[in-house]
Amino acid sequence: MNHNHPVFTDNDPQSELVTLNLGPTHPATHGVFQNVLQLDGERIVSGVSTIGYIHRAFEKIAEHRPFYQITPLTDRLNYCSSPINNMGWHMTVEKLLNIQMPKRVDYLRVIIMELSRISDHIICNTIIGQDTGATTTFLYLFQFREHIYEIFEEVCGARLTTNIGRIGGFERDFNEIAFAKINKFLKEFPVALREFENLLSRNRIFIDRTAGVAEVTKETALEYSWTGPLLRATGVDYDVRVSDPYSSYQDFDFEVPVGTSGDIYDRYLVRNEEMWQSVRIIEQALEKIKLEPKGIFHADVPEFYLPPKQEVYNNMEALIYHFKIVMGEIDAPKAEVYHAVEGGNGELGFYLINDGGRTPYRLHFRRPSFVNYQMFAPMSEGMLLSDAIINMSSMNIIAGELDA
Amino acid sequence: MEETTLNNNILAKLSDKFGEKVTAVSEPYGMLTFATTKDVIVNVLSFLKEELKFNFLTDITAVHYPGKDHGIAVVYHLHNMVEKVRIRIKVFISEQNPTIPTATTVWKGANWMERETYDLFGVKFEGHPDLRRILNMDELGVHPMLKQYPLEDPNRVDKKDEFFGR
């Protein structure tokens with residue numbers, strides 16, 4: 001067997017350094033990835049990251065699936081905010097097909113995507129608290145992720161791997177219960193988030209553990225292609241929602257929070273502020289939806305959007321379209337398209353090449369966790385082990401997105 | 001069309017500098033796309049980074065077109081965050097000898113993207129500091145995203161495109 005991974009097992013017995021295998025399954029890494037660290041006491045001298053433990057070859061599988069069957073694959077990238085992945089993929093195909101979406105669908109999508117962003121940031125920020133020893137905050141805010149999942153359940157029937165929506169819109173309109181749940185969430189969540197901030201943001205122990213730890217400069221972050229809250233914490237105001245608006249984000253009034261030093265505390269603050277901004281966006285979207293014609297939940301593109309079952313049985317055109325869509329027989333232009341959305345962790349890009357076949361010729365996911373994580377081992381050098389752990393939590397590395 | 005003027009300006013500057021090395025120009029969905037050769041790719045990337053302010057490397061990946069002279073396309077996506085322009089660069093290299101100079105000299109973030117491309121397509125990035133497989137196990141022996149490796153049982157006949165009039 002040809003192992004060319006550097007494994008530090010042939011240490012000099014006189015060496016003062018200790019080799020530590022952090023992972024692949026370690027409770028503090030919140031996911032399946034391994035770091036082989038060399039420690040001098042509590043300090044990390046060098047580290048090597050090994051990833052790929054849950055590599056599922058999605059790009060290969062996608063080359064053998066019609067467009068609509070790729071949505072469930074995207075669920076399993078960043079499974080903490082599946083709807084953003086789903087809709088990013090739908091929008092990529094819609095861009096390829098030049099489908100103009102009705103405003104109401106865009107706004108419904110914005111609501112779902114912002115709820116996912118909140119759920120993603122809840123996980124990250126509460127886990128930073130958890131890893132610095134503040135279990136209370138974790139338990140306290142985490143229940144709102146449950147409430148978000150209840151909203152998803154009402155809209156699409158699933159909770160974690162949502163497969164929400166279709167190419168061309170949603171599978172059904174939001175019902176009254178869904179809107180009621182969203183309104184309830186908007187009423188209760190800010191109270192809890194405020195209390196969460198009261199517990200952590202000015203907490204002396206928390207600040208001591210996070211402020212000034214793992215500082216990253218703008219230049220380094222850009223050099224390593226960081227995106228998302230990590231990049232914004234360093235002070236670069238890059239947000240795909242603003243620089244490259246999709247799904248009518250240009251209609252909304254919100255701010256892009258930025259940090260100054262890029263340390264863990266800044267990342268925490270940026271994510272917290274983004275949750276406030278997401279709440280703002282959802283409130284605006286609910287207002288805007290009231291002004292739109294009721295009952296529109298998909299674009300009028302019968303050749304790409306699955307017809308209702310009733311129609312399929314009673315209407316010949318609907319039956320033909322149904323067959324063609326399910327068999328992947330839609331006429332898509334032979335072209336290549338790159339579409340990016342702002343995922344929970346940064347720029348989530350889809351690079352799609354269509355050659356006119358039933359499946360994509362090539363589909364590549366630009367996964368923010370994968371790109372962000374490559375800096376973990378280099379930046380851990382010289383860091384305390386306990387700081388490296390919270391550094392990893394603050395990067396919010398999701399194993400599914402890391403390995404695709 | 002504001003986008004097109006911007007793209008034309010970029011293209012004019014690139015053509016001035018690299019002349020006939022900039023080929024196959026197109027603009028699918030507003031994104032300037034061109035092909036270049038592997039002997040100048042690092043110069044093109046640094047020129048775009050230093051002179052034209054494409055400060056951000058979004059992505060590196062590859063595409064396999066079997067049966068062609070230069071059957072592997074290495075695709076770079078760059079982003080000018082200030083002017084909000086994206087650009088796509090392709091380098092077609094031969095399947096038998098898939099080598100290309102590394103972009104890690106221009107962006108450190110190219111490291112894992114190139115490792116992934118090496119892992120999945122077998123593209124050897126010359127000068128890469130640590131070119132190892134990243135997602136698959138070391139013993140795999142093949143580069144699985146190449147088109148000759150089927151995903152499903154190759155004997156299956158019910159999914160052939162010819163049955164659907166293609």
# chains A, B, ... in the order shown; residues from 1 in each chain; ligands from 1

call {"tool": "select_by_dssp", "arguments": {"residues": "stretch 3-75 of chain B", "states": "alpha helix (DSSP H)", "output": "list in words"}}
result
Glu3, Thr4, Thr5, Leu6, Asn7, Asn8, Asn9, Ile10, Leu11, Ala12, Lys13, Leu14, Ser15, Asp16, Lys17, Phe18, Ile41, Val42, Asn43, Val44, Leu45, Ser46, Phe47, Leu48, Lys49 and Glu50 of chain B

call {"tool": "write_last_selection", "arguments": {"atoms": "C-alpha atoms", "output": "CSV table (one decimal), in the first residue's frame"}}
result
chain,number,residue,atom,x,y,z
B,3,GLU,CA,-21.8,44.4,-18.8
B,4,THR,CA,-20.7,44.0,-22.4
B,5,THR,CA,-18.7,47.2,-22.4
B,6,LEU,CA,-16.9,46.2,-19.3
B,7,ASN,CA,-16.2,42.8,-20.8
B,8,ASN,CA,-15.0,44.3,-24.0
B,9,ASN,CA,-12.6,46.6,-22.1
B,10,ILE,CA,-11.2,43.6,-20.3
B,11,LEU,CA,-10.9,41.6,-23.5
B,12,ALA,CA,-9.1,44.5,-25.3
B,13,LYS,CA,-6.5,44.7,-22.5
B,14,LEU,CA,-6.0,41.0,-22.5
B,15,SER,CA,-5.6,40.9,-26.3
B,16,ASP,CA,-3.1,43.7,-26.2
B,17,LYS,CA,-1.0,41.8,-23.7
B,18,PHE,CA,-1.4,38.3,-24.9
B,41,ILE,CA,-1.8,30.7,-17.9
B,42,VAL,CA,0.1,31.8,-14.9
B,43,ASN,CA,1.0,35.1,-16.6
B,44,VAL,CA,-2.7,35.6,-17.6
B,45,LEU,CA,-3.8,34.9,-14.0
B,46,SER,CA,-1.3,37.3,-12.5
B,47,PHE,CA,-2.0,39.9,-15.1
B,48,LEU,CA,-5.7,39.7,-14.3
B,49,LYS,CA,-5.0,39.8,-10.6
B,50,GLU,CA,-2.4,42.6,-10.6

call {"tool": "closest_atom_pairs", "arguments": {"of": "chain A", "to": "chain B", "cutoff": "7 Å", "atoms": "only C-alpha atoms", "output": "JSON lines"}}
result
{"residue": "A:Asn2", "atom": "CA", "partner": "B:Glu139", "partner_atom": "CA", "distance": 6.8}
{"residue": "A:His3", "atom": "CA", "partner": "B:Asp138", "partner_atom": "CA", "distance": 6.6}
{"residue": "A:Ile51", "atom": "CA", "partner": "B:Leu135", "partner_atom": "CA", "distance": 6.1}
{"residue": "A:Gly52", "atom": "CA", "partner": "B:Leu135", "partner_atom": "CA", "distance": 4.1}
{"residue": "A:His55", "atom": "CA", "partner": "B:Leu135", "partner_atom": "CA", "distance": 6.2}
{"residue": "A:Lys60", "atom": "CA", "partner": "B:Met145", "partner_atom": "CA", "distance": 6.1}
{"residue": "A:Ile61", "atom": "CA", "partner": "B:Leu151", "partner_atom": "CA", "distance": 6.8}
{"residue": "A:Leu222", "atom": "CA", "partner": "B:Phe56", "partner_atom": "CA", "distance": 6.3}
{"residue": "A:Glu223", "atom": "CA", "partner": "B:Trp107", "partner_atom": "CA", "distance": 5.5}
{"residue": "A:Tyr224", "atom": "CA", "partner": "B:Gly109", "partner_atom": "CA", "distance": 3.8}
{"residue": "A:Ser225", "atom": "CA", "partner": "B:Gly109", "partner_atom": "CA", "distance": 5.5}
{"residue": "A:Ser243", "atom": "CA", "partner": "B:Lys84", "partner_atom": "CA", "distance": 6.4}
{"residue": "A:Ala335", "atom": "CA", "partner": "B:Pro28", "partner_atom": "CA", "distance": 7.0}
{"residue": "A:Glu336", "atom": "CA", "partner": "B:Pro28", "partner_atom": "CA", "distance": 6.7}
{"residue": "A:Val337", "atom": "CA", "partner": "B:Tyr29", "partner_atom": "CA", "distance": 6.7}
{"residue": "A:Arg362", "atom": "CA", "partner": "B:Val63", "partner_atom": "CA", "distance": 6.8}
{"residue": "A:Arg366", "atom": "CA", "partner": "B:Asp59", "partner_atom": "CA", "distance": 6.5}
{"residue": "A:Gln374", "atom": "CA", "partner": "B:Trp112", "partner_atom": "CA", "distance": 6.5}
{"residue": "A:Asp403", "atom": "CA", "partner": "B:Leu135", "partner_atom": "CA", "distance": 6.5}

call {"tool": "select_by_dssp", "arguments": {"residues": "stretch 21-148 of chain B", "states": "strand (DSSP E or B)", "output": "PyMOL selection string"}}
result
chain B and resi 23-26+32-36+56-64+72-80+85-93+99-101+124-126

call {"tool": "write_last_selection", "arguments": {"atoms": "C-alpha atoms", "output": "mmCIF file, in the first residue's frame"}}
result
data_model
loop_
_atom_site.group_PDB
_atom_site.id
_atom_site.type_symbol
_atom_site.label_atom_id
_atom_site.label_comp_id
_atom_site.auth_asym_id
_atom_site.auth_seq_id
_atom_site.Cartn_x
_atom_site.Cartn_y
_atom_site.Cartn_z
ATOM 1 C CA THR B 23 -8.902 32.458 -28.122
ATOM 2 C CA ALA B 24 -12.450 31.123 -28.231
ATOM 3 C CA VAL B 25 -13.982 34.222 -26.705
ATOM 4 C CA SER B 26 -17.640 34.016 -25.792
ATOM 5 C CA LEU B 32 -16.653 36.691 -20.322
ATOM 6 C CA THR B 33 -15.152 33.325 -21.238
ATOM 7 C CA PHE B 34 -11.980 32.661 -23.155
ATOM 8 C CA ALA B 35 -9.422 29.957 -23.690
ATOM 9 C CA THR B 36 -5.682 30.275 -23.398
ATOM 10 C CA PHE B 56 -10.464 36.811 -6.014
ATOM 11 C CA LEU B 57 -10.099 33.237 -7.185
ATOM 12 C CA THR B 58 -13.573 31.747 -7.018
ATOM 13 C CA ASP B 59 -12.946 28.289 -8.311
ATOM 14 C CA ILE B 60 -10.731 25.883 -10.192
ATOM 15 C CA THR B 61 -12.157 22.765 -11.743
ATOM 16 C CA ALA B 62 -11.876 20.666 -14.878
ATOM 17 C CA VAL B 63 -14.062 19.168 -17.577
ATOM 18 C CA HIS B 64 -13.337 16.045 -19.575
ATOM 19 C CA ILE B 72 -9.278 18.090 -20.538
ATOM 20 C CA ALA B 73 -10.291 21.659 -19.902
ATOM 21 C CA VAL B 74 -9.075 23.244 -16.690
ATOM 22 C CA VAL B 75 -11.547 25.995 -15.816
ATOM 23 C CA TYR B 76 -10.746 29.011 -13.641
ATOM 24 C CA HIS B 77 -13.401 31.378 -12.329
ATOM 25 C CA LEU B 78 -12.113 34.762 -11.188
ATOM 26 C CA HIS B 79 -13.999 37.618 -9.615
ATOM 27 C CA ASN B 80 -13.369 41.338 -9.540
ATOM 28 C CA VAL B 85 -17.263 41.293 -12.819
ATOM 29 C CA ARG B 86 -16.686 37.600 -13.114
ATOM 30 C CA ILE B 87 -14.534 35.943 -15.721
ATOM 31 C CA ARG B 88 -13.972 32.366 -16.838
ATOM 32 C CA ILE B 89 -10.707 31.054 -18.278
ATOM 33 C CA LYS B 90 -10.236 27.685 -19.878
ATOM 34 C CA VAL B 91 -7.046 25.856 -20.662
ATOM 35 C CA PHE B 92 -7.325 22.785 -22.855
ATOM 36 C CA ILE B 93 -4.632 20.213 -22.168
ATOM 37 C CA THR B 99 0.041 18.885 -16.881
ATOM 38 C CA ILE B 100 -0.401 22.580 -16.201
ATOM 39 C CA PRO B 101 1.527 25.061 -14.060
ATOM 40 C CA LYS B 124 -0.969 17.349 -12.604
ATOM 41 C CA PHE B 125 -0.323 20.878 -11.415
ATOM 42 C CA GLU B 126 3.392 21.462 -11.805
#

call {"tool": "closest_residue", "arguments": {"among": "A:Ser201, A:Thr92, A:Thr25, A:Gln34", "to": "A:Pro360", "atoms": "only C-alpha atoms"}}
result
A:Thr92

call {"tool": "residues_around", "arguments": {"residues": "stretch 339-349 of chain A", "least_positions_apart": "4", "cutoff": "6 Å", "atoms": "only C-alpha atoms", "output": "MDAnalysis selection string"}}
result
chainID A and resid 88 92 117 120 227:228 240 365:368

call {"tool": "atom_distance", "arguments": {"atom1": "atom CA of B:Pro98", "atom2": "atom CA of B:Val40"}}
result
15.7 Å

call {"tool": "atom_distance", "arguments": {"atom1": "atom CA of A:Ser247", "atom2": "atom CA of A:Leu193"}}
result
26.6 Å

call {"tool": "closest_residue", "arguments": {"among": "A:Arg280, A:Pro307, A:His90, A:Leu286", "to": "A:Ala180", "atoms": "only C-alpha atoms"}}
result
A:Leu286

call {"tool": "residues_around", "arguments": {"residues": "A:Arg104", "least_positions_apart": "6", "cutoff": "7 Å", "atoms": "only C-alpha atoms", "output": "number ranges by chain"}}
result
A: 289, 292, 296-297

call {"tool": "decode", "arguments": {"residues": "stretch 79-107 of chain A", "atoms": "C-alpha atoms", "output": "PDB file, in the first residue's frame"}}
result
ATOM      1  CA  TYR A  79     -27.370  19.978   5.469  1.00  0.00           C
ATOM      2  CA  CYS A  80     -27.771  22.731   8.023  1.00  0.00           C
ATOM      3  CA  SER A  81     -29.274  25.007   5.385  1.00  0.00           C
ATOM      4  CA  SER A  82     -30.496  22.662   2.670  1.00  0.00           C
ATOM      5  CA  PRO A  83     -33.095  25.059   1.194  1.00  0.00           C
ATOM      6  CA  ILE A  84     -30.374  27.526   0.160  1.00  0.00           C
ATOM      7  CA  ASN A  85     -28.633  24.747  -1.753  1.00  0.00           C
ATOM      8  CA  ASN A  86     -31.884  23.549  -3.299  1.00  0.00           C
ATOM      9  CA  MET A  87     -32.854  26.998  -4.460  1.00  0.00           C
ATOM     10  CA  GLY A  88     -29.361  27.828  -5.623  1.00  0.00           C
ATOM     11  CA  TRP A  89     -29.583  24.799  -7.884  1.00  0.00           C
ATOM     12  CA  HIS A  90     -33.090  25.677  -9.079  1.00  0.00           C
ATOM     13  CA  MET A  91     -31.966  29.209  -9.881  1.00  0.00           C
ATOM     14  CA  THR A  92     -28.961  27.872 -11.787  1.00  0.00           C
ATOM     15  CA  VAL A  93     -31.247  25.847 -14.038  1.00  0.00           C
ATOM     16  CA  GLU A  94     -33.663  28.750 -14.351  1.00  0.00           C
ATOM     17  CA  LYS A  95     -30.787  30.966 -15.405  1.00  0.00           C
ATOM     18  CA  LEU A  96     -29.823  28.366 -18.014  1.00  0.00           C
ATOM     19  CA  LEU A  97     -33.419  28.212 -19.277  1.00  0.00           C
ATOM     20  CA  ASN A  98     -33.923  31.997 -19.052  1.00  0.00           C
ATOM     21  CA  ILE A  99     -37.010  31.652 -16.891  1.00  0.00           C
ATOM     22  CA  GLN A 100     -38.346  34.891 -15.417  1.00  0.00           C
ATOM     23  CA  MET A 101     -39.712  34.200 -11.970  1.00  0.00           C
ATOM     24  CA  PRO A 102     -42.788  35.969 -10.613  1.00  0.00           C
ATOM     25  CA  LYS A 103     -41.948  38.337  -7.750  1.00  0.00           C
ATOM     26  CA  ARG A 104     -44.089  36.440  -5.288  1.00  0.00           C
ATOM     27  CA  VAL A 105     -42.060  33.257  -5.838  1.00  0.00           C
ATOM     28  CA  ASP A 106     -38.846  35.202  -5.363  1.00  0.00           C
ATOM     29  CA  TYR A 107     -40.119  36.585  -2.071  1.00  0.00           C
TER      30      TYR A 107
END
